[in-house]
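Structure file protein_23.pdb (PDB, N, CA and C atoms) is printed below.
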```pdb
ATOM      1  N   MET W 298      89.742  88.915  93.899  1.00  0.00           N
ATOM      2  CA  MET W 298      88.907  89.489  94.948  1.00  0.00           C
ATOM      3  C   MET W 298      87.879  90.448  94.348  1.00  0.00           C
ATOM      4  N   ASP W 299      86.762  90.557  94.998  1.00  0.00           N
ATOM      5  CA  ASP W 299      85.690  91.444  94.585  1.00  0.00           C
ATOM      6  C   ASP W 299      86.085  92.900  94.834  1.00  0.00           C
ATOM      7  N   VAL W 300      85.889  93.751  93.837  1.00  0.00           N
ATOM      8  CA  VAL W 300      86.292  95.159  93.941  1.00  0.00           C
ATOM      9  C   VAL W 300      85.556  95.854  95.081  1.00  0.00           C
ATOM     10  N   ASN W 301      84.253  95.615  95.201  1.00  0.00           N
ATOM     11  CA  ASN W 301      83.487  96.259  96.271  1.00  0.00           C
ATOM     12  C   ASN W 301      83.983  95.829  97.647  1.00  0.00           C
ATOM     13  N   HIS W 302      84.371  94.572  97.765  1.00  0.00           N
ATOM     14  CA  HIS W 302      84.924  94.085  99.033  1.00  0.00           C
ATOM     15  C   HIS W 302      86.247  94.793  99.339  1.00  0.00           C
ATOM     16  N   GLU W 303      87.096  94.933  98.330  1.00  0.00           N
ATOM     17  CA  GLU W 303      88.378  95.632  98.520  1.00  0.00           C
ATOM     18  C   GLU W 303      88.157  97.092  98.910  1.00  0.00           C
ATOM     19  N   ILE W 304      87.162  97.733  98.291  1.00  0.00           N
ATOM     20  CA  ILE W 304      86.859  99.129  98.632  1.00  0.00           C
ATOM     21  C   ILE W 304      86.388  99.221 100.079  1.00  0.00           C
ATOM     22  N   ASN W 305      85.575  98.272 100.518  1.00  0.00           N
ATOM     23  CA  ASN W 305      85.123  98.265 101.916  1.00  0.00           C
ATOM     24  C   ASN W 305      86.299  98.099 102.871  1.00  0.00           C
ATOM     25  N   LEU W 306      87.247  97.228 102.508  1.00  0.00           N
ATOM     26  CA  LEU W 306      88.454  97.061 103.328  1.00  0.00           C
ATOM     27  C   LEU W 306      89.263  98.359 103.351  1.00  0.00           C
ATOM     28  N   LEU W 307      89.342  99.035 102.212  1.00  0.00           N
ATOM     29  CA  LEU W 307      90.062 100.303 102.122  1.00  0.00           C
ATOM     30  C   LEU W 307      89.437 101.349 103.056  1.00  0.00           C
ATOM     31  N   VAL W 308      88.120 101.418 103.064  1.00  0.00           N
ATOM     32  CA  VAL W 308      87.415 102.358 103.950  1.00  0.00           C
ATOM     33  C   VAL W 308      87.781 102.069 105.407  1.00  0.00           C
ATOM     34  N   GLU W 309      87.792 100.794 105.786  1.00  0.00           N
ATOM     35  CA  GLU W 309      88.150 100.418 107.160  1.00  0.00           C
ATOM     36  C   GLU W 309      89.581 100.849 107.499  1.00  0.00           C
ATOM     37  N   GLU W 310      90.490 100.671 106.557  1.00  0.00           N
ATOM     38  CA  GLU W 310      91.891 101.030 106.804  1.00  0.00           C
ATOM     39  C   GLU W 310      92.072 102.546 106.881  1.00  0.00           C
ATOM     40  N   ILE W 311      91.359 103.287 106.061  1.00  0.00           N
ATOM     41  CA  ILE W 311      91.437 104.754 106.123  1.00  0.00           C
ATOM     42  C   ILE W 311      90.893 105.227 107.471  1.00  0.00           C
ATOM     43  N   GLN W 312      89.815 104.611 107.924  1.00  0.00           N
ATOM     44  CA  GLN W 312      89.263 104.976 109.232  1.00  0.00           C
ATOM     45  C   GLN W 312      90.241 104.634 110.353  1.00  0.00           C
ATOM     46  N   ARG W 313      90.942 103.511 110.225  1.00  0.00           N
ATOM     47  CA  ARG W 313      91.901 103.087 111.254  1.00  0.00           C
ATOM     48  C   ARG W 313      93.116 104.008 111.300  1.00  0.00           C
ATOM     49  N   LEU W 314      93.633 104.370 110.134  1.00  0.00           N
ATOM     50  CA  LEU W 314      94.884 105.128 110.063  1.00  0.00           C
ATOM     51  C   LEU W 314      94.698 106.640 109.992  1.00  0.00           C
ATOM     52  N   GLY W 315      93.520 107.070 109.570  1.00  0.00           N
ATOM     53  CA  GLY W 315      93.300 108.493 109.322  1.00  0.00           C
ATOM     54  C   GLY W 315      92.840 109.267 110.540  1.00  0.00           C
ATOM     55  N   SER W 316      92.594 110.533 110.289  1.00  0.00           N
ATOM     56  CA  SER W 316      92.056 111.421 111.321  1.00  0.00           C
ATOM     57  C   SER W 316      91.085 112.382 110.658  1.00  0.00           C
ATOM     58  N   LYS W 317      90.262 113.012 111.470  1.00  0.00           N
ATOM     59  CA  LYS W 317      89.262 113.943 110.941  1.00  0.00           C
ATOM     60  C   LYS W 317      89.941 115.239 110.498  1.00  0.00           C
ATOM     61  N   ASN W 318      89.565 115.715 109.320  1.00  0.00           N
ATOM     62  CA  ASN W 318      90.099 116.992 108.842  1.00  0.00           C
ATOM     63  C   ASN W 318      89.183 118.124 109.293  1.00  0.00           C
ATOM     64  N   ALA W 319      89.439 119.331 108.833  1.00  0.00           N
ATOM     65  CA  ALA W 319      88.665 120.507 109.250  1.00  0.00           C
ATOM     66  C   ALA W 319      87.192 120.393 108.865  1.00  0.00           C
ATOM     67  N   ASP W 320      86.900 119.641 107.812  1.00  0.00           N
ATOM     68  CA  ASP W 320      85.514 119.463 107.360  1.00  0.00           C
ATOM     69  C   ASP W 320      84.812 118.301 108.044  1.00  0.00           C
ATOM     70  N   GLY W 321      85.502 117.634 108.960  1.00  0.00           N
ATOM     71  CA  GLY W 321      84.919 116.505 109.662  1.00  0.00           C
ATOM     72  C   GLY W 321      84.993 115.191 108.896  1.00  0.00           C
ATOM     73  N   GLN W 322      85.730 115.192 107.779  1.00  0.00           N
ATOM     74  CA  GLN W 322      85.901 113.977 106.993  1.00  0.00           C
ATOM     75  C   GLN W 322      87.196 113.289 107.406  1.00  0.00           C
ATOM     76  N   THR W 323      87.216 111.978 107.328  1.00  0.00           N
ATOM     77  CA  THR W 323      88.421 111.223 107.653  1.00  0.00           C
ATOM     78  C   THR W 323      89.376 111.286 106.476  1.00  0.00           C
ATOM     79  N   SER W 324      90.637 111.583 106.763  1.00  0.00           N
ATOM     80  CA  SER W 324      91.638 111.622 105.695  1.00  0.00           C
ATOM     81  C   SER W 324      92.948 111.016 106.186  1.00  0.00           C
ATOM     82  N   VAL W 325      93.736 110.557 105.229  1.00  0.00           N
ATOM     83  CA  VAL W 325      95.035 109.951 105.507  1.00  0.00           C
ATOM     84  C   VAL W 325      95.921 110.239 104.301  1.00  0.00           C
ATOM     85  N   THR W 326      97.213 110.321 104.520  1.00  0.00           N
ATOM     86  CA  THR W 326      98.104 110.533 103.378  1.00  0.00           C
ATOM     87  C   THR W 326      98.394 109.194 102.699  1.00  0.00           C
ATOM     88  N   PHE W 327      98.705 109.267 101.410  1.00  0.00           N
ATOM     89  CA  PHE W 327      99.028 108.070 100.646  1.00  0.00           C
ATOM     90  C   PHE W 327     100.223 107.346 101.257  1.00  0.00           C
ATOM     91  N   GLY W 328     101.214 108.090 101.717  1.00  0.00           N
ATOM     92  CA  GLY W 328     102.407 107.475 102.305  1.00  0.00           C
ATOM     93  C   GLY W 328     102.092 106.634 103.522  1.00  0.00           C
ATOM     94  N   VAL W 329     101.197 107.118 104.371  1.00  0.00           N
ATOM     95  CA  VAL W 329     100.810 106.363 105.571  1.00  0.00           C
ATOM     96  C   VAL W 329     100.121 105.062 105.154  1.00  0.00           C
ATOM     97  N   LEU W 330      99.196 105.143 104.199  1.00  0.00           N
ATOM     98  CA  LEU W 330      98.507 103.942 103.715  1.00  0.00           C
ATOM     99  C   LEU W 330      99.488 102.968 103.070  1.00  0.00           C
ATOM    100  N   PHE W 331     100.328 103.488 102.183  1.00  0.00           N
ATOM    101  CA  PHE W 331     101.238 102.646 101.413  1.00  0.00           C
ATOM    102  C   PHE W 331     102.254 101.944 102.305  1.00  0.00           C
ATOM    103  N   ASN W 332     102.724 102.617 103.334  1.00  0.00           N
ATOM    104  CA  ASN W 332     103.778 102.071 104.188  1.00  0.00           C
ATOM    105  C   ASN W 332     103.265 101.253 105.373  1.00  0.00           C
ATOM    106  N   ASP W 333     101.953 101.160 105.527  1.00  0.00           N
ATOM    107  CA  ASP W 333     101.380 100.394 106.628  1.00  0.00           C
ATOM    108  C   ASP W 333     101.472  98.895 106.325  1.00  0.00           C
ATOM    109  N   ASP W 334     102.002  98.129 107.270  1.00  0.00           N
ATOM    110  CA  ASP W 334     102.179  96.680 107.073  1.00  0.00           C
ATOM    111  C   ASP W 334     100.852  95.961 106.844  1.00  0.00           C
ATOM    112  N   ARG W 335      99.846  96.330 107.593  1.00  0.00           N
ATOM    113  CA  ARG W 335      98.540  95.665 107.446  1.00  0.00           C
ATOM    114  C   ARG W 335      97.961  95.917 106.051  1.00  0.00           C
ATOM    115  N   CYS W 336      98.062  97.151 105.566  1.00  0.00           N
ATOM    116  CA  CYS W 336      97.581  97.472 104.217  1.00  0.00           C
ATOM    117  C   CYS W 336      98.378  96.710 103.162  1.00  0.00           C
ATOM    118  N   ALA W 337      99.668  96.600 103.380  1.00  0.00           N
ATOM    119  CA  ALA W 337     100.521  95.874 102.428  1.00  0.00           C
ATOM    120  C   ALA W 337     100.092  94.412 102.325  1.00  0.00           C
ATOM    121  N   ASN W 338      99.633  93.830 103.421  1.00  0.00           N
ATOM    122  CA  ASN W 338      99.188  92.438 103.418  1.00  0.00           C
ATOM    123  C   ASN W 338      97.791  92.270 102.828  1.00  0.00           C
ATOM    124  N   ILE W 339      96.948  93.293 102.961  1.00  0.00           N
ATOM    125  CA  ILE W 339      95.563  93.200 102.490  1.00  0.00           C
ATOM    126  C   ILE W 339      95.467  93.470 100.988  1.00  0.00           C
ATOM    127  N   PHE W 340      96.117  94.541 100.539  1.00  0.00           N
ATOM    128  CA  PHE W 340      95.920  95.008  99.170  1.00  0.00           C
ATOM    129  C   PHE W 340      97.055  94.593  98.252  1.00  0.00           C
ATOM    130  N   GLU W 341      96.706  93.804  97.248  1.00  0.00           N
ATOM    131  CA  GLU W 341      97.683  93.397  96.252  1.00  0.00           C
ATOM    132  C   GLU W 341      98.039  94.594  95.367  1.00  0.00           C
ATOM    133  N   ALA W 342      97.035  95.428  95.089  1.00  0.00           N
ATOM    134  CA  ALA W 342      97.239  96.614  94.243  1.00  0.00           C
ATOM    135  C   ALA W 342      96.537  97.798  94.887  1.00  0.00           C
ATOM    136  N   LEU W 343      97.187  98.407  95.862  1.00  0.00           N
ATOM    137  CA  LEU W 343      96.593  99.517  96.607  1.00  0.00           C
ATOM    138  C   LEU W 343      96.179 100.652  95.683  1.00  0.00           C
ATOM    139  N   VAL W 344      97.034 101.020  94.747  1.00  0.00           N
ATOM    140  CA  VAL W 344      96.727 102.134  93.843  1.00  0.00           C
ATOM    141  C   VAL W 344      95.491 101.813  92.999  1.00  0.00           C
ATOM    142  N   GLY W 345      95.380 100.573  92.543  1.00  0.00           N
ATOM    143  CA  GLY W 345      94.213 100.166  91.768  1.00  0.00           C
ATOM    144  C   GLY W 345      92.936 100.246  92.588  1.00  0.00           C
ATOM    145  N   THR W 346      93.007  99.832  93.845  1.00  0.00           N
ATOM    146  CA  THR W 346      91.848  99.908  94.736  1.00  0.00           C
ATOM    147  C   THR W 346      91.469 101.364  94.994  1.00  0.00           C
ATOM    148  N   LEU W 347      92.475 102.222  95.184  1.00  0.00           N
ATOM    149  CA  LEU W 347      92.205 103.650  95.386  1.00  0.00           C
ATOM    150  C   LEU W 347      91.543 104.265  94.156  1.00  0.00           C
ATOM    151  N   LYS W 348      92.018 103.912  92.966  1.00  0.00           N
ATOM    152  CA  LYS W 348      91.426 104.444  91.729  1.00  0.00           C
ATOM    153  C   LYS W 348      89.980 103.982  91.580  1.00  0.00           C
ATOM    154  N   ALA W 349      89.705 102.715  91.896  1.00  0.00           N
ATOM    155  CA  ALA W 349      88.338 102.198  91.818  1.00  0.00           C
ATOM    156  C   ALA W 349      87.437 102.911  92.822  1.00  0.00           C
ATOM    157  N   ALA W 350      87.955 103.153  94.036  1.00  0.00           N
ATOM    158  CA  ALA W 350      87.184 103.858  95.066  1.00  0.00           C
ATOM    159  C   ALA W 350      86.930 105.308  94.668  1.00  0.00           C
ATOM    160  N   LYS W 351      87.898 105.934  94.007  1.00  0.00           N
ATOM    161  CA  LYS W 351      87.724 107.309  93.542  1.00  0.00           C
ATOM    162  C   LYS W 351      86.659 107.366  92.455  1.00  0.00           C
ATOM    163  N   LYS W 352      86.686 106.403  91.550  1.00  0.00           N
ATOM    164  CA  LYS W 352      85.708 106.338  90.463  1.00  0.00           C
ATOM    165  C   LYS W 352      84.288 106.179  91.013  1.00  0.00           C
ATOM    166  N   LYS W 353      84.154 105.434  92.130  1.00  0.00           N
ATOM    167  CA  LYS W 353      82.850 105.218  92.762  1.00  0.00           C
ATOM    168  C   LYS W 353      82.505 106.326  93.761  1.00  0.00           C
ATOM    169  N   LYS W 354      83.369 107.349  93.830  1.00  0.00           N
ATOM    170  CA  LYS W 354      83.174 108.513  94.711  1.00  0.00           C
ATOM    171  C   LYS W 354      83.123 108.134  96.203  1.00  0.00           C
ATOM    172  N   VAL W 355      83.938 107.139  96.560  1.00  0.00           N
ATOM    173  CA  VAL W 355      84.068 106.738  97.960  1.00  0.00           C
ATOM    174  C   VAL W 355      85.199 107.532  98.607  1.00  0.00           C
ATOM    175  N   VAL W 356      86.243 107.826  97.818  1.00  0.00           N
ATOM    176  CA  VAL W 356      87.361 108.637  98.281  1.00  0.00           C
ATOM    177  C   VAL W 356      87.651 109.722  97.247  1.00  0.00           C
ATOM    178  N   ALA W 357      88.405 110.718  97.680  1.00  0.00           N
ATOM    179  CA  ALA W 357      88.845 111.783  96.769  1.00  0.00           C
ATOM    180  C   ALA W 357      90.314 112.063  97.039  1.00  0.00           C
ATOM    181  N   PHE W 358      91.059 112.290  95.952  1.00  0.00           N
ATOM    182  CA  PHE W 358      92.441 112.747  96.054  1.00  0.00           C
ATOM    183  C   PHE W 358      92.779 113.484  94.778  1.00  0.00           C
ATOM    184  N   GLN W 359      93.782 114.379  94.857  1.00  0.00           N
ATOM    185  CA  GLN W 359      94.075 115.296  93.764  1.00  0.00           C
ATOM    186  C   GLN W 359      94.876 114.691  92.616  1.00  0.00           C
ATOM    187  N   ALA W 360      95.735 113.747  92.892  1.00  0.00           N
ATOM    188  CA  ALA W 360      96.631 113.219  91.857  1.00  0.00           C
ATOM    189  C   ALA W 360      95.899 112.240  90.937  1.00  0.00           C
ATOM    190  N   GLU W 361      96.310 112.221  89.672  1.00  0.00           N
ATOM    191  CA  GLU W 361      95.783 111.239  88.723  1.00  0.00           C
ATOM    192  C   GLU W 361      96.396 109.871  89.001  1.00  0.00           C
ATOM    193  N   LEU W 362      97.687 109.875  89.306  1.00  0.00           N
ATOM    194  CA  LEU W 362      98.446 108.663  89.536  1.00  0.00           C
ATOM    195  C   LEU W 362      99.171 108.816  90.868  1.00  0.00           C
ATOM    196  N   LEU W 363      99.174 107.775  91.667  1.00  0.00           N
ATOM    197  CA  LEU W 363      99.853 107.830  92.963  1.00  0.00           C
ATOM    198  C   LEU W 363     101.081 106.929  92.930  1.00  0.00           C
ATOM    199  N   LEU W 364     102.234 107.520  93.208  1.00  0.00           N
ATOM    200  CA  LEU W 364     103.491 106.781  93.233  1.00  0.00           C
ATOM    201  C   LEU W 364     104.136 106.939  94.602  1.00  0.00           C
ATOM    202  N   GLN W 365     104.681 105.833  95.114  1.00  0.00           N
ATOM    203  CA  GLN W 365     105.358 105.886  96.407  1.00  0.00           C
ATOM    204  C   GLN W 365     106.502 106.883  96.344  1.00  0.00           C
ATOM    205  N   GLY W 366     106.660 107.638  97.410  1.00  0.00           N
ATOM    206  CA  GLY W 366     107.725 108.640  97.477  1.00  0.00           C
ATOM    207  C   GLY W 366     107.264 109.967  96.918  1.00  0.00           C
ATOM    208  N   VAL W 367     106.944 109.990  95.643  1.00  0.00           N
ATOM    209  CA  VAL W 367     106.535 111.227  94.968  1.00  0.00           C
ATOM    210  C   VAL W 367     105.231 111.772  95.538  1.00  0.00           C
ATOM    211  N   HIS W 368     104.276 110.883  95.825  1.00  0.00           N
ATOM    212  CA  HIS W 368     102.941 111.310  96.259  1.00  0.00           C
ATOM    213  C   HIS W 368     102.622 110.927  97.708  1.00  0.00           C
ATOM    214  N   ASP W 369     103.643 110.715  98.527  1.00  0.00           N
ATOM    215  CA  ASP W 369     103.417 110.315  99.917  1.00  0.00           C
ATOM    216  C   ASP W 369     102.570 111.311 100.706  1.00  0.00           C
ATOM    217  N   ASN W 370     102.619 112.599 100.341  1.00  0.00           N
ATOM    218  CA  ASN W 370     101.890 113.617 101.092  1.00  0.00           C
ATOM    219  C   ASN W 370     100.517 113.940 100.515  1.00  0.00           C
ATOM    220  N   VAL W 371     100.083 113.215  99.496  1.00  0.00           N
ATOM    221  CA  VAL W 371      98.754 113.443  98.918  1.00  0.00           C
ATOM    222  C   VAL W 371      97.691 112.951  99.900  1.00  0.00           C
ATOM    223  N   GLU W 372      96.744 113.838 100.210  1.00  0.00           N
ATOM    224  CA  GLU W 372      95.659 113.499 101.136  1.00  0.00           C
ATOM    225  C   GLU W 372      94.598 112.675 100.422  1.00  0.00           C
ATOM    226  N   ILE W 373      94.200 111.580 101.032  1.00  0.00           N
ATOM    227  CA  ILE W 373      93.100 110.762 100.545  1.00  0.00           C
ATOM    228  C   ILE W 373      91.955 110.976 101.525  1.00  0.00           C
ATOM    229  N   VAL W 374      90.861 111.537 101.026  1.00  0.00           N
ATOM    230  CA  VAL W 374      89.735 111.907 101.877  1.00  0.00           C
ATOM    231  C   VAL W 374      88.598 110.914 101.669  1.00  0.00           C
ATOM    232  N   LEU W 375      88.077 110.416 102.765  1.00  0.00           N
ATOM    233  CA  LEU W 375      86.961 109.471 102.734  1.00  0.00           C
ATOM    234  C   LEU W 375      85.665 110.261 102.566  1.00  0.00           C
ATOM    235  N   LEU W 376      84.952 110.031 101.466  1.00  0.00           N
ATOM    236  CA  LEU W 376      83.705 110.747 101.200  1.00  0.00           C
ATOM    237  C   LEU W 376      82.495 110.012 101.768  1.00  0.00           C
ATOM    238  N   GLN W 377      82.610 108.689 101.906  1.00  0.00           N
ATOM    239  CA  GLN W 377      81.528 107.864 102.453  1.00  0.00           C
ATOM    240  C   GLN W 377      82.088 107.074 103.632  1.00  0.00           C
ATOM    241  N   GLU W 378      81.564 107.343 104.811  1.00  0.00           N
ATOM    242  CA  GLU W 378      82.059 106.651 106.022  1.00  0.00           C
ATOM    243  C   GLU W 378      81.591 105.230 106.105  1.00  0.00           C
TER     244      GLU W 378
END
```

Represent the structure of the file as structure tokens.
Amino acid sequence: MDVNHEINLLVEEIQRLGSKNADGQTSVTFGVLFNDDRCANIFEALVGTLKAAKKKKVVAFQAELLLQGVHDNVEIVLLQE
């Protein structure tokens, strides 16, 4: 699959599952994204897609590596709607 296409799908899923934070940006926790059935069916490698989106400055999150369970509460903030 095309990386840009996967990033666009990721943006749609963050908008669907997330909510506006105090700065007016859409955010969602990694656990919500990871445990969502629709996301599980769309993304073969969710963490890889998140890293690619972070590199392109589409999303921001604090952790270098995201692992289920350990990083479930890490906020993923959408920088480009």

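Minimum distance to Lys352 of chain W across W:Val300, W:Val329, W:Ala337, W:Leu364 (counting only C-alpha atoms) occurs at W:Val300.
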
Find the residues near segment 304-319 of chain W: any atom within 6.5 Å, counting all atoms listed in the file, skip ones fewer than 6 places away on the same chain, and give them as a VMD selection string. chain W and resid 325 to 326 346 350

Selection in question (the file shown): the PyMOL selection byres ((chain W and resi 355) around 6). Which residues does it include, as a PDB file with N, CA and C atoms, keeping the file's coordinate frame?
```pdb
ATOM      1  N   ALA W 350      87.955 103.153  94.036  1.00  0.00           N
ATOM      2  CA  ALA W 350      87.184 103.858  95.066  1.00  0.00           C
ATOM      3  C   ALA W 350      86.930 105.308  94.668  1.00  0.00           C
ATOM      4  N   LYS W 351      87.898 105.934  94.007  1.00  0.00           N
ATOM      5  CA  LYS W 351      87.724 107.309  93.542  1.00  0.00           C
ATOM      6  C   LYS W 351      86.659 107.366  92.455  1.00  0.00           C
ATOM      7  N   LYS W 352      86.686 106.403  91.550  1.00  0.00           N
ATOM      8  CA  LYS W 352      85.708 106.338  90.463  1.00  0.00           C
ATOM      9  C   LYS W 352      84.288 106.179  91.013  1.00  0.00           C
ATOM     10  N   LYS W 353      84.154 105.434  92.130  1.00  0.00           N
ATOM     11  CA  LYS W 353      82.850 105.218  92.762  1.00  0.00           C
ATOM     12  C   LYS W 353      82.505 106.326  93.761  1.00  0.00           C
ATOM     13  N   LYS W 354      83.369 107.349  93.830  1.00  0.00           N
ATOM     14  CA  LYS W 354      83.174 108.513  94.711  1.00  0.00           C
ATOM     15  C   LYS W 354      83.123 108.134  96.203  1.00  0.00           C
ATOM     16  N   VAL W 356      86.243 107.826  97.818  1.00  0.00           N
ATOM     17  CA  VAL W 356      87.361 108.637  98.281  1.00  0.00           C
ATOM     18  C   VAL W 356      87.651 109.722  97.247  1.00  0.00           C
ATOM     19  N   ALA W 357      88.405 110.718  97.680  1.00  0.00           N
ATOM     20  CA  ALA W 357      88.845 111.783  96.769  1.00  0.00           C
ATOM     21  C   ALA W 357      90.314 112.063  97.039  1.00  0.00           C
ATOM     22  N   VAL W 374      90.861 111.537 101.026  1.00  0.00           N
ATOM     23  CA  VAL W 374      89.735 111.907 101.877  1.00  0.00           C
ATOM     24  C   VAL W 374      88.598 110.914 101.669  1.00  0.00           C
ATOM     25  N   LEU W 375      88.077 110.416 102.765  1.00  0.00           N
ATOM     26  CA  LEU W 375      86.961 109.471 102.734  1.00  0.00           C
ATOM     27  C   LEU W 375      85.665 110.261 102.566  1.00  0.00           C
ATOM     28  N   LEU W 376      84.952 110.031 101.466  1.00  0.00           N
ATOM     29  CA  LEU W 376      83.705 110.747 101.200  1.00  0.00           C
ATOM     30  C   LEU W 376      82.495 110.012 101.768  1.00  0.00           C
ATOM     31  N   GLN W 377      82.610 108.689 101.906  1.00  0.00           N
ATOM     32  CA  GLN W 377      81.528 107.864 102.453  1.00  0.00           C
ATOM     33  C   GLN W 377      82.088 107.074 103.632  1.00  0.00           C
TER      34      GLN W 377
END
```

Any chance you could list, as number ranges by chain, the residues in chain W that come up alpha helix (DSSP H) when DSSP is run on the backbone? W: 300-314, 327-332, 334-339, 343-352

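Atom CA of His368 of chain W is found 12.2 Å from atom CA of Asn332 of chain W.
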
Rounded to one decimal place, report the atom C of Asp320 of chain W-atom CA of Phe340 of chain W distance in Å. 27.3 Å

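Relative to atom CA of Asn370 of chain W, atom N of His302 of chain W is found at 26.1 Å.
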
What parts of chain W does DSSP call strand (DSSP E)? I'd like the answer as number ranges by chain. W: 316-317, 323-326, 356-357, 372-375

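For the set W:Gln322, W:Glu341, W:Cys336, W:Leu347, the residue with the smallest atom-to-atom gap to Leu363 of chain W is W:Leu347, counting only C-alpha atoms.
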
Only N, CA and C atoms needed: put segment 311-328 of chain W from the block into a file as a short mmCIF file (atom, residue, chain, number, x, y, z; two decimals), in the first residue's frame.
```
data_model
loop_
_atom_site.label_atom_id
_atom_site.label_comp_id
_atom_site.auth_asym_id
_atom_site.auth_seq_id
_atom_site.Cartn_x
_atom_site.Cartn_y
_atom_site.Cartn_z
N ILE W 311 -8.23 8.92 13.14
CA ILE W 311 -7.99 9.79 14.30
C ILE W 311 -9.16 10.76 14.44
N GLN W 312 -9.64 11.29 13.33
CA GLN W 312 -10.79 12.19 13.38
C GLN W 312 -12.04 11.46 13.86
N ARG W 313 -12.20 10.21 13.46
CA ARG W 313 -13.38 9.42 13.86
C ARG W 313 -13.34 9.08 15.34
N LEU W 314 -12.18 8.68 15.84
CA LEU W 314 -12.06 8.19 17.21
C LEU W 314 -11.67 9.26 18.23
N GLY W 315 -11.06 10.33 17.75
CA GLY W 315 -10.51 11.34 18.66
C GLY W 315 -11.50 12.41 19.07
N SER W 316 -10.97 13.33 19.84
CA SER W 316 -11.75 14.49 20.27
C SER W 316 -10.82 15.70 20.30
N LYS W 317 -11.41 16.87 20.33
CA LYS W 317 -10.62 18.10 20.33
C LYS W 317 -9.98 18.31 21.71
N ASN W 318 -8.70 18.65 21.71
CA ASN W 318 -8.02 18.95 22.97
C ASN W 318 -8.15 20.43 23.28
N ALA W 319 -7.48 20.90 24.31
CA ALA W 319 -7.57 22.30 24.74
C ALA W 319 -7.09 23.27 23.66
N ASP W 320 -6.20 22.81 22.80
CA ASP W 320 -5.67 23.66 21.72
C ASP W 320 -6.51 23.61 20.46
N GLY W 321 -7.60 22.85 20.49
CA GLY W 321 -8.47 22.73 19.33
C GLY W 321 -7.99 21.71 18.31
N GLN W 322 -6.97 20.93 18.68
CA GLN W 322 -6.47 19.89 17.79
C GLN W 322 -7.12 18.56 18.15
N THR W 323 -7.32 17.72 17.16
CA THR W 323 -7.90 16.40 17.40
C THR W 323 -6.82 15.48 17.95
N SER W 324 -7.15 14.76 19.02
CA SER W 324 -6.19 13.82 19.58
C SER W 324 -6.91 12.55 20.02
N VAL W 325 -6.14 11.47 20.09
CA VAL W 325 -6.65 10.17 20.50
C VAL W 325 -5.49 9.44 21.17
N THR W 326 -5.80 8.55 22.09
CA THR W 326 -4.72 7.78 22.71
C THR W 326 -4.36 6.59 21.81
N PHE W 327 -3.12 6.15 21.94
CA PHE W 327 -2.64 5.01 21.17
C PHE W 327 -3.49 3.77 21.45
N GLY W 328 -3.88 3.58 22.70
CA GLY W 328 -4.68 2.41 23.07
C GLY W 328 -6.01 2.36 22.35
#
```
